[in-house]
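Scroll down for the structure; my scribbles are underneath it.
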There are 2 protein chains.
Amino acid sequence: MSIIVQKYGGTSVGSIEKIRDVAQRVIEYHKQGGRMVVVLSAMSGQTNQLIELAKEIAREPDLRELDVLLSTGEQMSISLFAMAVKSMGYDARSLLGFQVGIRTDQLYGKARIHDIDTSRILKNLEKNRIVAVAGFQGLDEKNNITTLGRGGSDTTAVALAAALRAEVCEIFTDVDGVFTTDPNICSKARKMDSISYDEMLEMASLGAKVLEIRSVEFAKKFGVPIHVRSTFTKERGTMVVAETKDMEKVLVSGVAFNKNEARITIRNVPDRPGIAAQIFDPVFQAGIVVDMIVQNTSADGITDLTFTVPNADYNKAMTLLNNVSQDIGADIIGDENIAKISIVGVGMKAHAGVAQKMFQTLSRENINIMMISTSEIKISCVVEEKYTELAVRSLHDAFGLENVTPET
Amino acid sequence: MSIIVQKYGGTSVGSIEKIRDVAQRVIEYHKQGGRMVVVLSAMSGQTNQLIELAKEIAREPDLRELDVLLSTGEQMSISLFAMAVKSMGYDARSLLGFQVGIRTDQLYGKARIHDIDTSRILKNLEKNRIVAVAGFQGLDEKNNITTLGRGGSDTTAVALAAALRAEVCEIFTDVDGVFTTDPNICSKARKMDSISYDEMLEMASLGAKVLEIRSVEFAKKFGVPIHVRSTFTKERGTMVVAETKDMEKVLVSGVAFNKNEARITIRNVPDRPGIAAQIFDPVFQAGIVVDMIVQNTSADGITDLTFTVPNADYNKAMTLLNNVSQDIGADIIGDENIAKISIVGVGMKAHAGVAQKMFQTLSRENINIMMISTSEIKISCVVEEKYTELAVRSLHDAFGLENVTPET
């Protein structure tokens, strides 16, 4: 019999009633013969409550102890889930990170999984038990509790599916699957039947918050098929799988957007070796992730440097860069009202003309492109934030994404 | 340098502010050179909240999973405590049951400690860290989480003190120490400087709820001195220690009482071999603890049997015994309005006349004695509940307990 790993997020286990619903649902799969391993997040809101508590105790809570505190959330949800299953007459067992042997590095708050010991899970499955594993948590080599960071339960589920050679890793969420774009913005958005790991990575990192990026990287590395689907229906969702020949026929798979970045331009930068390093060094040292760096061609030994940073880091970055600018005699302009619009698709590797179609489409709507960046399977344009919805809708139309087999 | 184990109960860590106060207090001891191991309970009220949650999920929550759930309470308090200490500039580390290696049997909800691995605690103490250990929790041999039952943190603290060969185990609570009787009933009640393990066991099991019984048994077995003292003052409390010659000079150390028992009498019991077994068998099988069994001398082949049971089990016991009584043709009388009054003291081993003084004292106040039971170091009388306070005060006076060296 094949093993199925299912992950339910915080909203799916947000109340006693919902935990019971999930238990009922898992029991149905179990009755159909599946050997069920269920990964749960903390009940919705709880992780934030615990963080608040920690901040009441200490302005900057110790990271090791914060992980000890935060990991109680998943401990609660899996024990309550196992109680629910048992009260319905089926056998279940909750397992914490230390009991499963989910080994991670020692980066508290953002640890990475190194290894999983599957023996205890397998023993419980052999006894016909439903196994509930705490998401988000692991153990470093010195037996300290670690957590995997926001959305870490997705990673736990995929890593377990890989280690257990599960048939599939089903990620249950509050949406029906992965859409060609955000249905709240574009009524023609269509749920995709399948998407490749690489496309999903681009969609995820560009703001389609269905799956945590690291879990997709993990799934790609180990070839774990992910099924993203709704907790509230029985409909098939979207399969995230390795690229197939079929997929390459589709030029563009989806349109993503991200309003959470700000643009910074440094003007009148003396164009000499080492100047970029000098400018970015304090920003990198502060741990700020810089995206989409563009440097203009130099004129008269002077150049411009433009890039984007997360909105959350904008003020910090501006302060750091103001100091540097003064040192080198440059000046600095910032803009928080921007959006990054991206088209994503493995098919565009093999086709020319996709970029042109994107630029023409935006031009037709009088949307000015402020920055461009490309990769093998995506093209991103920065535009004024107010054009976000118009840009997304017109690109969705232009590439025919409402049809199951889009135009080329 | 000597190791000091301190235990703080739920009310002592009942809020963020109180956890900070405890951190401050422990740091002061640390600065004076003590190697501090701190055992914390869950924040007050939390364990009950978690039990409520479990009962919402399942009428009879699975015991293994209940322990997984309940153990989150102490996990929260020790991590918050360690954060507080670190924010005050001192090093601290929280350790859970599985990290310390507190090994127990597999009796979920009332596990007993078998073994403690002190190596990790000692390593942390060597690094000059304050070590915070989660009370109440352990790990069975299959790495399942267990809990030690109500008041289990006292046992954790004493067991740690024994394993670490600590100088003392300090139990911080919301009273100043162990009193000769309840100060709420008898204004002359005096805080004792010291009390023997055996006396403490009698006082504890008779209703003076300062220390959990098992922790005293543990302390006696391993000769761990316990210091019961207040979280809110710096005053010396009461030492619970091995019996000394000095103690034997004192006839009676304290007066305890317990209103939480009910009396059951079975009349017209045919006096034949095996009848007691037949009567008590269903009661024992239901897990009801029977105390103070008295059987009258038989007359005409008919006898009476009287005993006490906890109030909480009274209705259940009456139902079970009604069935038996009908079978054997006996009848049954119950009384919930009783109290057990006891005088306790290691000194009474060597002295006659103590019982007589107790009976005379109660008689002088016109208090009728309904049942009597004695042990080497205590005499208990069951009286009507309404006489509790009068009985306690008159016995406290009669044995001169308000004086540091009581009369003989």
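All residue names refer to the structure tokens as shown: chains lettered A, B, ... in order, residues numbered from 1 in each chain, ligands numbered from 1 in order.
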
Exercise. Taking only C-alpha atoms into account, report as a PyMOL selection string which residues of chain B lie within 6 Å of chain A.
Key: chain B and resi 57-58+61-62+65+69+72+76+79+83-84+87

Quiz item: Within 8 Å of segment 153-161 of chain A, counting only C-alpha atoms, which residues qualify if same-chain residues fewer than 2 places away don't, as a PyMOL selection string?
Solution: chain A and resi 4-7+9+38-41+113+116+134-137+148+151+163-169+171+211-212+214-216+218-219+224+226

Let me see the file: selected residues, N, CA and C atoms, as a CSV table (one decimal), in the first residue's frame.
```
chain,number,residue,atom,x,y,z
A,4,ILE,N,0.6,8.2,1.7
A,4,ILE,CA,0.2,9.5,1.3
A,4,ILE,C,0.5,10.5,2.4
A,5,VAL,N,1.2,11.6,2.1
A,5,VAL,CA,1.5,12.6,3.1
A,5,VAL,C,0.6,13.8,2.8
A,6,GLN,N,-0.2,14.2,3.8
A,6,GLN,CA,-1.1,15.3,3.7
A,6,GLN,C,-0.7,16.4,4.7
A,7,LYS,N,-0.7,17.7,4.2
A,7,LYS,CA,-0.4,18.8,5.1
A,7,LYS,C,-1.6,19.7,5.1
A,9,GLY,N,-2.9,23.4,6.7
A,9,GLY,CA,-2.4,24.6,7.2
A,9,GLY,C,-3.2,25.1,8.4
A,38,VAL,N,0.1,12.7,8.4
A,38,VAL,CA,-0.5,14.0,8.3
A,38,VAL,C,0.3,15.0,9.0
A,39,VAL,N,0.7,16.1,8.3
A,39,VAL,CA,1.5,17.2,8.9
A,39,VAL,C,0.6,18.4,9.2
A,40,LEU,N,0.6,18.9,10.4
A,40,LEU,CA,-0.2,20.0,10.7
A,40,LEU,C,0.6,21.2,11.1
A,41,SER,N,0.0,22.4,10.8
A,41,SER,CA,0.5,23.6,11.3
A,41,SER,C,-0.1,23.9,12.6
A,113,ILE,N,16.3,21.3,6.9
A,113,ILE,CA,16.2,19.9,7.2
A,113,ILE,C,17.4,19.2,6.5
A,116,ILE,N,15.9,12.8,7.9
A,116,ILE,CA,14.7,12.4,8.6
A,116,ILE,C,14.9,10.9,8.8
A,134,ALA,N,4.3,16.9,13.7
A,134,ALA,CA,4.3,18.3,13.9
A,134,ALA,C,5.1,19.0,12.8
A,135,GLY,N,4.5,19.9,12.1
A,135,GLY,CA,5.2,20.6,11.1
A,135,GLY,C,6.1,21.7,11.7
A,136,PHE,N,7.0,22.3,10.9
A,136,PHE,CA,7.7,23.5,11.2
A,136,PHE,C,8.8,23.3,12.2
A,137,GLN,N,8.9,22.1,12.8
A,137,GLN,CA,9.9,21.9,13.9
A,137,GLN,C,10.9,20.8,13.6
A,148,LEU,N,11.5,25.9,11.2
A,148,LEU,CA,11.9,26.1,9.8
A,148,LEU,C,11.5,27.4,9.2
A,151,GLY,N,5.8,29.2,7.0
A,151,GLY,CA,5.5,28.2,6.0
A,151,GLY,C,6.3,26.9,6.0
A,163,ALA,N,11.4,11.4,2.1
A,163,ALA,CA,12.0,10.3,2.9
A,163,ALA,C,11.2,9.0,2.9
A,164,LEU,N,9.9,9.2,2.9
A,164,LEU,CA,9.0,8.0,3.0
A,164,LEU,C,8.7,7.4,1.6
A,165,ARG,N,9.3,8.1,0.5
A,165,ARG,CA,8.9,7.7,-0.8
A,165,ARG,C,7.4,7.6,-1.0
A,166,ALA,N,6.8,8.7,-0.5
A,166,ALA,CA,5.3,8.7,-0.6
A,166,ALA,C,4.8,8.8,-2.1
A,167,GLU,N,3.6,8.4,-2.3
A,167,GLU,CA,3.1,8.4,-3.7
A,167,GLU,C,2.9,9.9,-4.0
A,168,VAL,N,2.4,10.7,-3.1
A,168,VAL,CA,2.1,12.1,-3.3
A,168,VAL,C,2.2,12.9,-2.0
A,169,CYS,N,2.5,14.2,-2.1
A,169,CYS,CA,2.4,15.1,-1.0
A,169,CYS,C,1.3,16.0,-1.2
A,171,ILE,N,-0.9,19.1,-0.3
A,171,ILE,CA,-0.9,20.3,0.5
A,171,ILE,C,-2.4,20.9,0.5
A,211,LEU,N,2.4,28.0,-2.0
A,211,LEU,CA,3.4,27.1,-1.4
A,211,LEU,C,4.6,27.8,-1.0
A,212,GLU,N,5.2,27.4,0.1
A,212,GLU,CA,6.5,28.0,0.5
A,212,GLU,C,7.6,27.6,-0.4
A,214,ARG,N,10.8,27.0,-0.3
A,214,ARG,CA,11.7,26.0,0.0
A,214,ARG,C,11.1,24.6,-0.2
A,215,SER,N,9.8,24.5,0.1
A,215,SER,CA,9.2,23.2,-0.1
A,215,SER,C,9.2,22.7,-1.6
A,216,VAL,N,9.1,23.7,-2.5
A,216,VAL,CA,9.1,23.4,-3.9
A,216,VAL,C,10.5,23.0,-4.3
A,218,PHE,N,12.7,21.6,-2.5
A,218,PHE,CA,12.9,20.3,-1.9
A,218,PHE,C,12.2,19.3,-2.8
A,219,ALA,N,10.9,19.6,-3.2
A,219,ALA,CA,10.2,18.6,-4.0
A,219,ALA,C,10.9,18.4,-5.4
A,224,VAL,N,9.4,14.9,-5.7
A,224,VAL,CA,8.1,14.6,-5.0
A,224,VAL,C,7.0,15.3,-5.7
A,226,ILE,N,3.7,17.2,-5.8
A,226,ILE,CA,2.9,17.9,-4.9
A,226,ILE,C,1.5,18.1,-5.4
```

Quiz item: Got a sec: who's within 9 Å of segment 342-344 of chain A, counting only C-alpha atoms, leaving out chain neighbours fewer than 3 positions off, as a PyMOL selection string?
Solution: chain A and resi 199-200+202-203+206+251-258+347-348+358+377-382+392+395-396

Exercise. Can you work out the spacing between atom CA of Thr181 of chain B and atom CA of Lys357 of chain B in Å, to one decimal?
Key: 17.8 Å

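The interatomic distance for the pair atom CA of Val269 of chain A and atom CA of Asp304 of chain A works out to 5.9 Å.
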
Near-Asn260 of chain A list (8 Å; only C-alpha atoms; drop same-chain fewer than 4 positions) as a PDB file with N, CA and C atoms, in the first residue's frame:
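Writing done, so here's part_37.pdb:
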```pdb
ATOM      1  N   PRO A 310      12.796  44.589  -0.541  1.00  0.00           N
ATOM      2  CA  PRO A 310      11.478  44.385   0.080  1.00  0.00           C
ATOM      3  C   PRO A 310      11.027  45.658   0.781  1.00  0.00           C
ATOM      4  N   ASN A 311       9.731  45.957   0.716  1.00  0.00           N
ATOM      5  CA  ASN A 311       9.193  47.139   1.386  1.00  0.00           C
ATOM      6  C   ASN A 311       9.616  47.221   2.848  1.00  0.00           C
ATOM      7  N   ALA A 312       9.625  46.059   3.511  1.00  0.00           N
ATOM      8  CA  ALA A 312       9.932  46.028   4.944  1.00  0.00           C
ATOM      9  C   ALA A 312      11.337  46.550   5.229  1.00  0.00           C
ATOM     10  N   ALA A 339       5.205  48.059  -8.585  1.00  0.00           N
ATOM     11  CA  ALA A 339       4.803  46.654  -8.564  1.00  0.00           C
ATOM     12  C   ALA A 339       5.626  45.926  -9.607  1.00  0.00           C
TER      13      ALA A 339
END
```

Taking the DSSP assignment computed from this structure's backbone, write out as a tab-separated table (two decimals) with C-alpha atoms, in the first residue's frame all residues of segment 9-157 of chain B that belong to strand (DSSP E).
```
chain	number	residue	atom	x	y	z
B	35	ARG	CA	24.82	27.08	40.26
B	36	MET	CA	21.13	27.45	39.57
B	37	VAL	CA	18.76	24.81	38.22
B	38	VAL	CA	15.22	26.16	38.04
B	39	VAL	CA	12.13	23.98	37.61
B	40	LEU	CA	8.97	25.77	36.49
B	92	ALA	CA	20.26	30.79	30.38
B	93	ARG	CA	19.08	27.68	28.67
B	94	SER	CA	15.72	25.91	28.78
B	95	LEU	CA	15.66	22.10	28.75
B	102	ILE	CA	13.98	12.45	32.54
B	103	ARG	CA	13.03	8.80	32.08
B	104	THR	CA	9.72	7.56	33.48
B	113	ILE	CA	10.53	9.00	37.36
B	114	HIS	CA	13.01	6.13	36.92
B	115	ASP	CA	16.16	7.91	35.96
B	116	ILE	CA	17.65	11.30	35.12
B	130	ILE	CA	21.16	29.32	34.50
B	131	VAL	CA	19.34	26.11	33.57
B	132	ALA	CA	15.54	26.07	33.36
B	133	VAL	CA	13.98	22.61	33.33
B	134	ALA	CA	10.36	21.89	32.42
B	137	GLN	CA	7.14	16.03	32.12
B	138	GLY	CA	9.28	13.06	31.23
B	139	LEU	CA	9.85	10.46	28.55
B	145	ILE	CA	6.04	12.15	26.39
B	146	THR	CA	4.64	11.42	29.86
B	147	THR	CA	3.46	13.70	32.66
```

Quiz prompt | Spatial neighbours of Gly10 of chain A, max dist 8 Å, only C-alpha atoms, sep filter under 4 positions, as number ranges by chain | solution = A: 14, 40-45

Quiz item: If you run DSSP on the backbone, which residues of segment 57-115 of chain A are alpha helix (DSSP H), as a list in words?
Solution: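 Restricting segment 57-115 of chain A to alpha helix (DSSP H) produces Ile57, Leu63, Arg64, Glu65, Leu66, Asp67, Val68, Leu69, Leu70, Thr72, Gly73, Glu74, Gln75, Met76, Ser77, Ile78, Ser79, Leu80, Phe81, Ala82, Met83, Ala84, Val85, Lys86, Ser87, Gly97, Phe98, Gln99 and Val100 of chain A.
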
Restrict the selected residues to N, CA and C atoms and save them as an mmCIF file, in the first residue's frame.
```cif
data_model
loop_
_atom_site.group_PDB
_atom_site.id
_atom_site.type_symbol
_atom_site.label_atom_id
_atom_site.label_comp_id
_atom_site.auth_asym_id
_atom_site.auth_seq_id
_atom_site.Cartn_x
_atom_site.Cartn_y
_atom_site.Cartn_z
ATOM 1 N N ILE A 57 8.126 39.769 26.906
ATOM 2 C CA ILE A 57 9.208 39.378 27.833
ATOM 3 C C ILE A 57 10.507 40.081 27.484
ATOM 4 N N LEU A 63 16.778 33.686 20.163
ATOM 5 C CA LEU A 63 16.261 32.888 19.044
ATOM 6 C C LEU A 63 16.106 31.413 19.402
ATOM 7 N N ARG A 64 17.056 30.873 20.178
ATOM 8 C CA ARG A 64 16.906 29.463 20.581
ATOM 9 C C ARG A 64 15.622 29.269 21.381
ATOM 10 N N GLU A 65 15.395 30.166 22.345
ATOM 11 C CA GLU A 65 14.228 30.018 23.219
ATOM 12 C C GLU A 65 12.936 30.304 22.471
ATOM 13 N N LEU A 66 13.008 31.203 21.485
ATOM 14 C CA LEU A 66 11.819 31.494 20.681
ATOM 15 C C LEU A 66 11.359 30.231 19.956
ATOM 16 N N ASP A 67 12.311 29.446 19.461
ATOM 17 C CA ASP A 67 11.946 28.201 18.780
ATOM 18 C C ASP A 67 11.316 27.194 19.735
ATOM 19 N N VAL A 68 11.822 27.158 20.986
ATOM 20 C CA VAL A 68 11.214 26.268 21.991
ATOM 21 C C VAL A 68 9.759 26.691 22.213
ATOM 22 N N LEU A 69 9.555 28.009 22.300
ATOM 23 C CA LEU A 69 8.199 28.537 22.535
ATOM 24 C C LEU A 69 7.289 28.264 21.337
ATOM 25 N N LEU A 70 7.753 28.639 20.128
ATOM 26 C CA LEU A 70 6.891 28.539 18.941
ATOM 27 C C LEU A 70 6.514 27.094 18.617
ATOM 28 N N THR A 72 5.537 24.856 20.411
ATOM 29 C CA THR A 72 4.385 24.337 21.167
ATOM 30 C C THR A 72 3.106 24.394 20.326
ATOM 31 N N GLY A 73 3.025 25.309 19.375
ATOM 32 C CA GLY A 73 1.805 25.468 18.575
ATOM 33 C C GLY A 73 1.454 24.195 17.815
ATOM 34 N N GLU A 74 2.423 23.626 17.112
ATOM 35 C CA GLU A 74 2.181 22.398 16.339
ATOM 36 C C GLU A 74 1.995 21.211 17.276
ATOM 37 N N GLN A 75 2.672 21.257 18.434
ATOM 38 C CA GLN A 75 2.516 20.177 19.413
ATOM 39 C C GLN A 75 1.060 20.095 19.863
ATOM 40 N N MET A 76 0.439 21.262 20.059
ATOM 41 C CA MET A 76 -0.970 21.291 20.442
ATOM 42 C C MET A 76 -1.852 20.744 19.330
ATOM 43 N N SER A 77 -1.637 21.206 18.089
ATOM 44 C CA SER A 77 -2.576 20.796 17.033
ATOM 45 C C SER A 77 -2.472 19.303 16.730
ATOM 46 N N ILE A 78 -1.263 18.723 16.737
ATOM 47 C CA ILE A 78 -1.196 17.291 16.431
ATOM 48 C C ILE A 78 -1.769 16.436 17.559
ATOM 49 N N SER A 79 -1.599 16.876 18.824
ATOM 50 C CA SER A 79 -2.161 16.053 19.905
ATOM 51 C C SER A 79 -3.691 16.126 19.867
ATOM 52 N N LEU A 80 -4.234 17.319 19.612
ATOM 53 C CA LEU A 80 -5.693 17.450 19.520
ATOM 54 C C LEU A 80 -6.230 16.638 18.336
ATOM 55 N N PHE A 81 -5.512 16.672 17.209
ATOM 56 C CA PHE A 81 -5.921 15.896 16.035
ATOM 57 C C PHE A 81 -5.935 14.403 16.355
ATOM 58 N N ALA A 82 -4.885 13.915 17.002
ATOM 59 C CA ALA A 82 -4.816 12.485 17.316
ATOM 60 C C ALA A 82 -5.938 12.090 18.278
ATOM 61 N N MET A 83 -6.245 12.976 19.253
ATOM 62 C CA MET A 83 -7.381 12.702 20.148
ATOM 63 C C MET A 83 -8.678 12.590 19.352
ATOM 64 N N ALA A 84 -8.855 13.505 18.383
ATOM 65 C CA ALA A 84 -10.078 13.503 17.575
ATOM 66 C C ALA A 84 -10.196 12.190 16.814
ATOM 67 N N VAL A 85 -9.111 11.766 16.159
ATOM 68 C CA VAL A 85 -9.142 10.514 15.387
ATOM 69 C C VAL A 85 -9.479 9.347 16.307
ATOM 70 N N LYS A 86 -8.830 9.292 17.477
ATOM 71 C CA LYS A 86 -9.073 8.169 18.387
ATOM 72 C C LYS A 86 -10.512 8.164 18.890
ATOM 73 N N SER A 87 -11.056 9.365 19.144
ATOM 74 C CA SER A 87 -12.434 9.420 19.638
ATOM 75 C C SER A 87 -13.420 8.962 18.560
ATOM 76 N N GLY A 97 8.945 16.645 16.354
ATOM 77 C CA GLY A 97 10.204 16.651 15.609
ATOM 78 C C GLY A 97 11.241 15.726 16.215
ATOM 79 N N PHE A 98 11.378 15.753 17.535
ATOM 80 C CA PHE A 98 12.421 14.940 18.168
ATOM 81 C C PHE A 98 12.069 13.459 18.127
ATOM 82 N N GLN A 99 10.776 13.152 18.082
ATOM 83 C CA GLN A 99 10.367 11.742 18.065
ATOM 84 C C GLN A 99 10.527 11.136 16.670
ATOM 85 N N VAL A 100 10.300 11.977 15.646
ATOM 86 C CA VAL A 100 10.496 11.505 14.275
ATOM 87 C C VAL A 100 11.986 11.461 13.953
#
```

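Shortest atom-to-atom contact with Gly329 of chain B among B:Ser394, B:Asn268, B:Gln106, B:Asn48: B:Asn268, counting only C-alpha atoms.
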
Quiz item: For Ile275 of chain B, which residue among B:Leu305, B:Val290, B:Ile372, B:Leu401 is the nearest when counting only C-alpha atoms?
Solution: B:Leu305

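Going from atom CA of Asn366 of chain A to atom CA of Thr180 of chain A covers 23.3 Å.
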